[in-house]
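What follows is a short report on a single structure.
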Amino acid sequence: MRRYIRALALCTVFAVFSGLYVYNKLFYSDVSAGGAGARRVFVPGVRRGAVGKTGPQTTHWYNRYIMRQRAQVESGGSQRRPEPPMHLAVVACGPRLEETLTMIKSAVLLSIRHLCLHIFAEDQLHASFMEALESWPGFIRSRFNYTVYSISFPSENAAEWKKLFKPCASQRLFLPLILKKVDSVVYVDSDILFLQPVDRLWALLSQFNSSQLAAVAPEHEEPRIAWYNRFARHPFYGRTGINSGVMLMNMTRIRNTYFKNDMTTVGLRWEELLMPLLQKYKLNITWGDQDLLNIIFHHNPECLLEFPCKWNYRPDHCIYGSNCASAEESGIYILHGNRGVYHDHKQPAFRAVYEAIRKYSFGADAANSLLAPLEEELLKTTHTYCGKSHTLFTKRLAQSLSNINRNATRGR
Ligand SMILES: *[C@@H]1O[C@H](CO)[C@@H](O)[C@H](O)[C@H]1NC(C)=O
Ligand SMILES: *[C@@H]1O[C@H](CO)[C@@H](O)[C@H](O)[C@H]1NC(C)=O
Ligand SMILES: *[C@@H]1O[C@H](CO)[C@@H](O)[C@H](O)[C@H]1NC(C)=O
Ligand SMILES: *[C@@H]1O[C@H](CO)[C@@H](O)[C@H](O)[C@H]1NC(C)=O
């Protein structure tokens with residue numbers, strides 16, 4: 001009897017181990033060829049309980065992503081780790097729907113790595129955003145996923161925040177507190193157009209030294225006509241302040257840093273900093289959240305990486321003659337049509353770029369149906385200072401577009 005029980009126990013143990021082995025084989029598989037660096041990867045189509053809080057949409061996207069990575073490996077391509085996606089955030093309020101969609105269009109058209117879009121918008125715009133993005137063709141749609149959020153404040157003290165801040169204008173200050181699980185993000189204003197892949201901007205994150213947690217361009221190149229150094233009634237960063245229209249943020253670092261300030265002698269966390277800062281300076285600030293960022297980085301300059309004006313090229317850089325040396329050298333990387341110049345006739349060169357991207361249909365030949373009409377339109381703007389510099393507007397874009405046909409066929 002005792003022998004029988006021992007045999008039974010052995011069998012059970014054996015059965016359990018074989019079960020585990022088969023489970024393992026079925027549910028996991030090595031994508032790389034094995035060896036020391038082999039990575040376990042979740043196999044497409046098989047749900048694993050412990051995968052985390054992934055909704056159907058996420059699983060779907062993730063599966064496709066892994067399949068693409070696998071295909072790459074199986075076709076003898078690089079054996080790199082699947083790269084994490086890039087995150088892009090924008091705040092869209094009022095009549096900014098089409099402008100925001102055109103910004104997103106420029107981003108997904110040119111970018112290489114997968115993009116996660118975080119769109120913060122007034123509720124009445126949500127359906128239109130979703131309808132527009134879902135109508136884009138599959139080969140473009142597969143390059144990004146998105147979430148549309150209501151304009152909101154961190155749940156703690158929401159009522160108090162609301163009393164003090166204009167919701168739309170200050171939303172971006174709260175991104176590190178709202179997108180708690182996101183490590184890093186590119187924040188852009190809705191009037192931004194990417195003229196080269198977001199990837200290039202994203203790559204600057206890895207160049208941050210140990211104290212840097214955000215990257216921005218100066219507000220101006222030319223102190224004689226700049227704003228902050230002549231008019232600001234509050235501290236600002238550097239010689240001419242910063243422009244926050246394109247802002248790269250390592251939010252993990254923002255959440256973990258104690259910021260020096262002129263209110264207490266101890267460092268304050270981001271969420272502790274905003275409210276007292278606004279209370280102290282509310283009568284003196286003109287440009288809202290950008291002014292608050294200037295005050296913060298005035299006291300914490302070591303936290304900022306300054307990138308050159310070609311990454312945030314505005315009418316200020318050409319309206320009285322060209323003053324952005326980095327764009328002269330390598331073309332405009334990111335265009336920022338502030339002061340509404342995409343929608344009026346004051347700076348026709350800016351409007352021409354906006355219209356060319358807005359009118360382009362995905363999949364059409366980019367040289368013929370985007371670049372050529374744009375160049376033609378820009379030649380009509382040479383009576384303006386910005387139009388005289390029209391080659392800066394297309395130099396980088398032309399290079400970026402010459403790559404997209406390759407990307408498009410790869411993604412199809
Ligand atoms: C988008 O993809 C990322 C990448 O893994 C994922 O974490 C996120 O949850 C996805 N978002 C949506 C809305 O599917
Ligand atoms: C952001 O900073 C954290 C903490 O230093 C680091 O672990 C992370 O890799 C950084 N993110 C990027 C994209 O460089
Ligand atoms: C606000 O501006 C006034 C006038 O320039 C100045 O006297 C005051 O110190 C400023 N307030 C703060 C908090 O800097
Ligand atoms: C990082 O770079 C900034 C700007 O150049 C500088 O002020 C800061 O001291 C550097 N931080 C470290 C830890 O080297």
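Every chain in the structure tokens takes a letter, A first, then B, and so on in the order presented; its residues are numbered from 1, and the ligands are numbered from 1 following the presented order.
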Report the closest atom pair, with its distance in Å rounded to one decimal, for each residue of chain A that has an atom no farther than 7 Å from ligand 2; count only C-alpha atoms and all ligand atoms, sort by chain and then rising residue number, and write it as JSON lines.
{"residue": "A:Asp183", "atom": "CA", "partner": "ligand 2", "partner_atom_place_in_ligand_line": "11 (N)", "distance": 5.9}
{"residue": "A:Ser184", "atom": "CA", "partner": "ligand 2", "partner_atom_place_in_ligand_line": "13 (C)", "distance": 5.6}
{"residue": "A:Leu205", "atom": "CA", "partner": "ligand 2", "partner_atom_place_in_ligand_line": "14 (O)", "distance": 4.9}
{"residue": "A:Ser206", "atom": "CA", "partner": "ligand 2", "partner_atom_place_in_ligand_line": "14 (O)", "distance": 4.8}
{"residue": "A:Asn250", "atom": "CA", "partner": "ligand 2", "partner_atom_place_in_ligand_line": "1 (C)", "distance": 4.9}
{"residue": "A:Met251", "atom": "CA", "partner": "ligand 2", "partner_atom_place_in_ligand_line": "1 (C)", "distance": 6.9}
{"residue": "A:Thr252", "atom": "CA", "partner": "ligand 2", "partner_atom_place_in_ligand_line": "2 (O)", "distance": 5.4}
{"residue": "A:Arg253", "atom": "CA", "partner": "ligand 2", "partner_atom_place_in_ligand_line": "2 (O)", "distance": 5.2}
request  = With a distance cut-off of 10 Å and only C-alpha atoms, select the neighbouring residues of Met130 of chain A, excluding the residue or stretch itself and same-chain residues fewer than 3 positions from it, and output the selection as a list of chain:residue names.
outcome  =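 Neighbouring residues, sequence-local ones excluded: A:Leu125, A:His126, A:Ala127, A:Leu133, A:Glu134, A:Ser135, A:Tyr146, A:Thr147, A:Val148.
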Preceding selection exported with N, CA, C and O atoms as a CSV table (one decimal), in the first residue's frame:
chain,number,residue,atom,x,y,z
A,125,LEU,N,-15.3,68.1,-28.4
A,125,LEU,CA,-14.4,67.8,-29.5
A,125,LEU,C,-14.0,66.3,-29.6
A,125,LEU,O,-13.5,65.8,-30.6
A,126,HIS,N,-14.4,65.6,-28.6
A,126,HIS,CA,-13.9,64.2,-28.5
A,126,HIS,C,-14.3,63.3,-29.7
A,126,HIS,O,-13.5,62.6,-30.3
A,127,ALA,N,-15.6,63.4,-30.0
A,127,ALA,CA,-16.1,62.5,-31.0
A,127,ALA,C,-15.5,62.9,-32.4
A,127,ALA,O,-15.1,62.0,-33.2
A,133,LEU,N,-9.5,60.4,-36.6
A,133,LEU,CA,-8.3,59.5,-36.5
A,133,LEU,C,-8.7,58.1,-37.0
A,133,LEU,O,-7.8,57.5,-37.7
A,134,GLU,N,-9.9,57.7,-36.8
A,134,GLU,CA,-10.3,56.3,-37.2
A,134,GLU,C,-10.5,56.2,-38.7
A,134,GLU,O,-10.5,55.2,-39.3
A,135,SER,N,-10.6,57.4,-39.3
A,135,SER,CA,-10.9,57.4,-40.8
A,135,SER,C,-9.5,57.3,-41.6
A,135,SER,O,-9.5,57.2,-42.8
A,146,TYR,N,-4.0,56.0,-29.5
A,146,TYR,CA,-4.3,57.3,-28.9
A,146,TYR,C,-5.3,57.2,-27.8
A,146,TYR,O,-6.1,56.2,-27.7
A,147,THR,N,-5.3,58.1,-26.9
A,147,THR,CA,-6.4,58.3,-25.9
A,147,THR,C,-6.8,59.7,-25.9
A,147,THR,O,-5.9,60.6,-26.0
A,148,VAL,N,-8.1,60.0,-25.9
A,148,VAL,CA,-8.6,61.3,-25.8
A,148,VAL,C,-9.1,61.5,-24.3
A,148,VAL,O,-9.8,60.7,-23.8
key: Shell of 6 Å around ligand 3 (only C-alpha atoms and all ligand atoms), written as a PyMOL selection string   = chain A and resi 233-234+280-281+284
Write the selection just made, keeping N, CA and C atoms, as a short mmCIF file (atom, residue, chain, number, x, y, z; two decimals), in the first residue's frame?
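Output (again.cif):
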data_model
loop_
_atom_site.label_atom_id
_atom_site.label_comp_id
_atom_site.auth_asym_id
_atom_site.auth_seq_id
_atom_site.Cartn_x
_atom_site.Cartn_y
_atom_site.Cartn_z
N ARG A 233 7.57 90.82 -15.50
CA ARG A 233 7.58 91.27 -14.11
C ARG A 233 7.70 90.07 -13.17
N HIS A 234 8.49 89.12 -13.63
CA HIS A 234 8.74 87.91 -12.83
C HIS A 234 10.07 87.34 -13.31
N LYS A 280 1.62 83.46 -5.80
CA LYS A 280 2.59 84.55 -5.65
C LYS A 280 2.63 85.45 -6.89
N TYR A 281 2.55 84.84 -8.06
CA TYR A 281 2.83 85.62 -9.27
C TYR A 281 1.62 85.93 -10.14
N ASN A 284 1.30 89.12 -11.92
CA ASN A 284 2.43 89.56 -12.74
C ASN A 284 2.65 88.73 -14.00
#
key: Which of A:Ala325, A:Ala398, A:Val246, A:Ala352 sits closest to Asn368 of chain A [using only C-alpha atoms]   =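 Using only C-alpha atoms, Asn368 of chain A sits closest to A:Ala398.
Using only C-alpha atoms and all ligand atoms, residues with at least one atom at most 10 Å away from any atom of ligand 4 are Gln207, Phe208, Asn209, Ser210, Ser211, Gln212, Leu213, Asn300, Pro301, Glu302, Cys303, Leu304, Leu305 and Glu306 of chain A.
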inquiry  = Just to confirm, what's the straight-line distance from atom CA of His383 of chain A to atom CA of Gln347 of chain A in Å (one decimal)?
reply    =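 These atoms are spaced 10.4 Å apart.
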ask   = When you draw a straight line from atom CA of Glu272 of chain A to atom CA of Phe231 of chain A, how long is it in Å?
value =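 Between these atoms lies a distance of 27.7 Å.
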Every residue of segment 317-386 of chain A that DSSP places in alpha helix (DSSP H), as JSON, numbers by chain = {"A": [325, 326, 327, 328, 329, 330, 348, 349, 350, 351, 352, 353, 354, 355, 356, 357, 358, 359, 366, 372, 373, 374, 375, 376, 377, 378, 385, 386]}
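The residue that comes closest to ligand 1, out of A:Ile119, A:Leu379, A:Ile192, A:Leu101 and on the basis of only C-alpha atoms and all ligand atoms, is A:Ile119.
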note = atom CA of Leu397 of chain A sits from atom CA of Ala327 of chain A at a separation of 12.3 Å
ask   = Nearest to ligand 1: which of A:Ser106, A:Ser369, A:Ser128, A:Asn145 is it, counting only C-alpha atoms and all ligand atoms?
value =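 Closest to ligand 1 of all the choices is A:Asn145.
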task = Just the residues within 8 Å of Val91 of chain A, please, counting only C-alpha atoms, with nothing from its chain fewer than 2 positions along; format it as a list in words.
result =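 After dropping sequence-adjacent residues, the list is Ala89, Cys93, Ile119, Phe120, Ala121, Cys168, Gln171, Arg172, Asp189 and Ser190 of chain A.
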ask   = Which is closer to ligand 1 than all the others in A:Ser142, A:Asn312, A:Ser402, A:Thr265, using only C-alpha atoms and all ligand atoms?
value =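 Comparing A:Ser142, A:Asn312, A:Ser402, A:Thr265 against ligand 1, the winner is A:Ser142.
Distance check against ligand 1 using only C-alpha atoms and all ligand atoms: of A:Arg230, A:Arg141, A:Lys180, A:His118, the minimum falls on A:His118.
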key: Residue contacts of Pro197 of chain A (12 Å, only C-alpha atoms) excluding same-chain residues fewer than 4 positions away, as a VMD selection string   = chain A and resid 86 104 to 115 193 201 to 203 311 333 to 334 396 to 404 407
message = Just list as a PyMOL selection string whatever in segment 95-324 of chain A DSSP marks as strand (DSSP E).
response = chain A and resi 115-121+144-150+184-188+192-194+214-218+242-250+304-306
